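Chemist: Here it is, the structure in full.
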Amino acid sequence: MDLCFHCSLPISSGADFSAEIGGETRRFCCNGCRGVCLSIFEAGLEGFYRRTGENTSLSPPPDLPDGIEMYDMDAVAEEFVEQEGDVSRTLLLVEGIHCAACVWLIEKTMSRLPGVIEASVNFSTMRLKLRWDSSTVKLSAIIERLSEVGYAAVPYSPAAAENSLKRQKRSYLYRIAFAGFAMMNLLWVSVALYSGADRGEYRDLFRYIGFALATPTLLYSGYPFLKGAWSGLRSLSLSMDLPIAIGAIVTYLYSATITLDRRFSGDVYFDTVVTFIFVILIGRYLETASRDKATSVTRRLLELQPKVATKVTVEGEALVPVRSIVAGDRVRVKPGGSLPVDGVVIEGKSGVDESMLTGESLPVSKAVGDRVAAGTLNGSGSLLIEVDRVGGATTLSRIIGLVEDAQASKGPVQRMADSVVPWFVGVTISLSIATYFFWVGEGVDRALMAATSVLIITCPCALGLATPMAIAVASGLGAQRGLLIKDGAALEQLALVDRFVFDKTGTLTEGRLALTETVLLAGYNESDCLRLAAAAESRSEHPLAAAIAAATLKGGIEFTSLKVEHFESEAGCGVRAIVDGQSLAVGNVRWLLEGNQEGNYTAEIERLESKGATVVGLSVDGKLTALFGLADRLREEAAETALQLRKEGLRLSLLSGDSKRAVEGVAGTLGEIECHSGLLPADKIEHLSAYQASGERVAMVGDGVNDAPALIQSDVGIAVASATDVSVESADMVMLGGGLRGILDLFRLSKTTVRTIRQNIALSLLYNVILVPMAMMAMITPVFAAVAMPVSSLLVIGNAARIRRSLK
């Protein structure tokens with residue numbers, strides 16, 4: 001029978017699909033296979049067929065998805081494409097991947113497509129990580145090129161991944177039910193055989209019944225293990241399914257030989273094959289369900305965003321799907337409703353529960369001009385929001401992306417475990433063979449059962465799960481508390497740091513200047529001074545001016561009615577203006593004193609600066625009237641956080657570009673902390689490098705903007721971000737709430753995670769150290785081994801779930 005050159009499936013009679021390829025006439029089962037093969041050879045990638053092996057069945061290429069042109073539309077692409085200038089990034093779910101050769105073909109094809117910057121395939125998840133220049137090539141062209149070489153691709157979404165997981169669990173249940181049915185019937189057969197029927201006239205009948213039940217069970221219920229083992233062998237890697245498949249096949253073939261060939265005698269073990277397939281399937285199902293439960297934070301985050309929104313137009317209000325909302329639209333959020341989009345409040349006032357972002361349970365007051373985020377919960381007021389972020393650009397979507405990246409990332413311990421697994425499997429098979437030959441002198445039956453027990457009991461699954469389960473649970477728990485962990489390796493590194501380095505402004509302080517003290521110098525009360533200064537500064541956009549205006553309004557002092565004329569601003573010095581006929585100047589005191597004003601104010605200025613304040617003076621008609629101390633207030637939790645970190649045995653440093661007095665004022669409040677002032681970004685990097693050169697591991701905490709170089713230089717970068725800014729690319733971790741208590745939570749979470757990883761590895765090794773020798777001594781049956789193997793994985797998963805109790 002002729003086989004298709006591409007997919008190796010039989011060519012039906014009458015089919016005439018052929019082409020001259022590579023100097024030879026090739027025949028195909030369909031036009032799709034012929035087109036794919038032509039595309040592969042035209043691209044010079046014919047090495048694909050050498051990698052797949054002779055007569056390997058690939059199945060015909062999937063159909064090209066309908067309507068791929070819509071993926072080029074900005075409104076559609078916003079949901080799954082991240083844009084950085086002309087560079088786009090996305091994940092595609094690829095159908096048709098069968099083996100490592102498929103991975104090679106996809107990556108080679110993509111790398112040769114103009115405009116594609118990066119193409120990396122994850123074989124286990126069937127995902128293609130893609131970065132491309134959108135000004136050179138469109139996404140639809142990329143998907144079409146994939147189709148040409150035999151693969152159908154659609155944008156990946158957590159919902160699609162969840163549906164895939166549901167299908168996998170449903171498949172396991174069907175296979176478990178089939179194996180359970182066969183096992184229950186085989187139990188009666190086994191009882192009969194063990195009761196003496198194996199020596200009577202019905203022996204062959206019972207054995208044929210066992211053969212009839214075990215054969216479809218092995219092929220159907222055992223298919224996931226057989227497929228996994230074969231895929232691993234084809235890609236020249238030893239997978240975790242290989243020992244299970246060998247044990248099942250060898251035991252089945254031994255029993256089948258005794259049943260079908262009368263020249264051989266001995267016991268049959270069809271019941272053993274079916275039972276341990278049934279038990280291992282249950283274990284796999286429980287592992288899948290446990291992993292799903294342990295990493296379910298992504299699904300819970302998805303559920304936070306409403307599927308519909310109340311859109312406000314000139315015609316009125318209408319309920320529309322969230323997917324139809326675009327930037328610039330206006331959305332009404334009623335009391336008690338969830339916010340469907342990111343945007344700015346343009347009407348209304350309410351308290352918003354942002355606990356899903358920050359972990360803080362108290363509602364945050366929102367009024368006109370304030371930002372709000374999708375997934376947060378509105379309080380008792382009605383809000384009208386102007387949309388500025390939708391789809392994949394919303395805070396919630398980006399949080400989900402970061403959590404998924406963290407859960408998929410591999411730390412040093414996991415990479416080591418991954419490299420050990422193939423050797424682990426190889427050693428398992430070697431031990432099984434040695435066990436067989438050791439016991440074969442006492443009978444093939446005993447030798448076979450002992451060797452099979454070794455194959456099944458010695459499973460590296462628990463070792464492979466030790467790190468990823470702990471990282472997945474920890475990153476999910478952190479996300480619930482407003483602590484985003486972007487990389488699992490950083491979580492491991494944080495537990496090992498010796499020193500925490502802090503930026504001052506916006507990190508240890510609130511990042512907002514406020515009036516802390518007013519010193520009156522001549523003839524005016526505080527209200528008059530504030531009123532005049534605020535009026536003079538009313539046309540300035542400087543942060544100092546905003547702080548004075550805010551303090552004036554907070555005190556209930558009205559200044560907007562004052563007449564301001566001849567306003568002038570001198571960069572780096574201050575402002576001048578005529579306010580209600582009086583000549584005013586507000587700004588740097590030394591600039592004001594250049595007019596030879598009388599009096600010595602040095603002592604007062606130094607006193608205010610020693611408290612970390614910036615001093616601004618007010619001059620009325622050429623006479624210095626008041627001094628205002630403006631400071632960026634220290635966060636309430638800063639001192640307690642520093643104290644707790646020192647109790648953990650950590651050294652602390654403060655690196656800032658501010659003046660020496662301002663930095664020392666903050667350092668004095670924090671206790672024992674090494675401080676350096678007047679630093680540029682390059683200077684901060686030098687200090688970090690010096691710490692690292694001395695052998696210290698350093699964690700840098702900054703605001704993620706001017707501290708970006710230092711965050712990258714440090715061993716672990718932690719960014720203090722606002723509730724709607726989770727795109728601090730330079731940091732390994734982001735604290736959404738902006739407070740400092742999250743630092744302690746992150747550190748303790750990392751310590752717990754690393755401790756759990758070590759416990760998991762110890763559990764895995766202890767399991768093997770105890771049970772493998774027992775299996776080699778023929779003290780364990782294959783069925784007991786099948787029960788024990790998934791239990792070890794469940795212990796690791798359960799231990800990882802305990803991480804949830806580390807933050808209370």
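Chain labels A, B, ... are given in the sequence in which chains occur in the structure tokens; within each chain residues are numbered consecutively from 1, and ligands are likewise numbered from 1 in the order shown.
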Could you pull the residues within 6 Å of Glu565 (chain A), counting only C-alpha atoms, minus those fewer than 2 positions along the same chain, as an mmCIF file with N, CA, C and O atoms, in the first residue's frame?
Modeler:
data_model
loop_
_atom_site.group_PDB
_atom_site.id
_atom_site.type_symbol
_atom_site.label_atom_id
_atom_site.label_comp_id
_atom_site.auth_asym_id
_atom_site.auth_seq_id
_atom_site.Cartn_x
_atom_site.Cartn_y
_atom_site.Cartn_z
ATOM 1 N N PHE A 567 3.020 88.095 36.190
ATOM 2 C CA PHE A 567 3.631 86.848 36.690
ATOM 3 C C PHE A 567 4.907 86.543 35.905
ATOM 4 O O PHE A 567 4.929 86.600 34.678
ATOM 5 N N ALA A 577 5.294 88.088 41.152
ATOM 6 C CA ALA A 577 3.984 88.504 40.664
ATOM 7 C C ALA A 577 3.497 89.691 41.495
ATOM 8 O O ALA A 577 3.960 89.918 42.625
ATOM 9 N N ILE A 578 2.558 90.428 40.914
ATOM 10 C CA ILE A 578 1.861 91.480 41.653
ATOM 11 C C ILE A 578 0.501 90.893 42.044
ATOM 12 O O ILE A 578 -0.302 90.527 41.198
#
Chemist: What's the separation between CA of Gly115 (chain A) and CA of Tyr156 (chain A), in Å to one decimal place?
Modeler: 20.7 Å
Chemist: From the DSSP assignment of the backbone, select every residue of region 514-632 of chain A that is strand (DSSP E), and format the answer as a ChimeraX atom specification.
Modeler: /A:514-520,564-570,574-579,582-588,614-620,623-632
Chemist: Between A:Leu431, A:Ala514, A:Ser380, A:Glu118, single out the one closest to Pro363 (chain A), counting only C-alpha atoms.
Modeler: A:Ser380
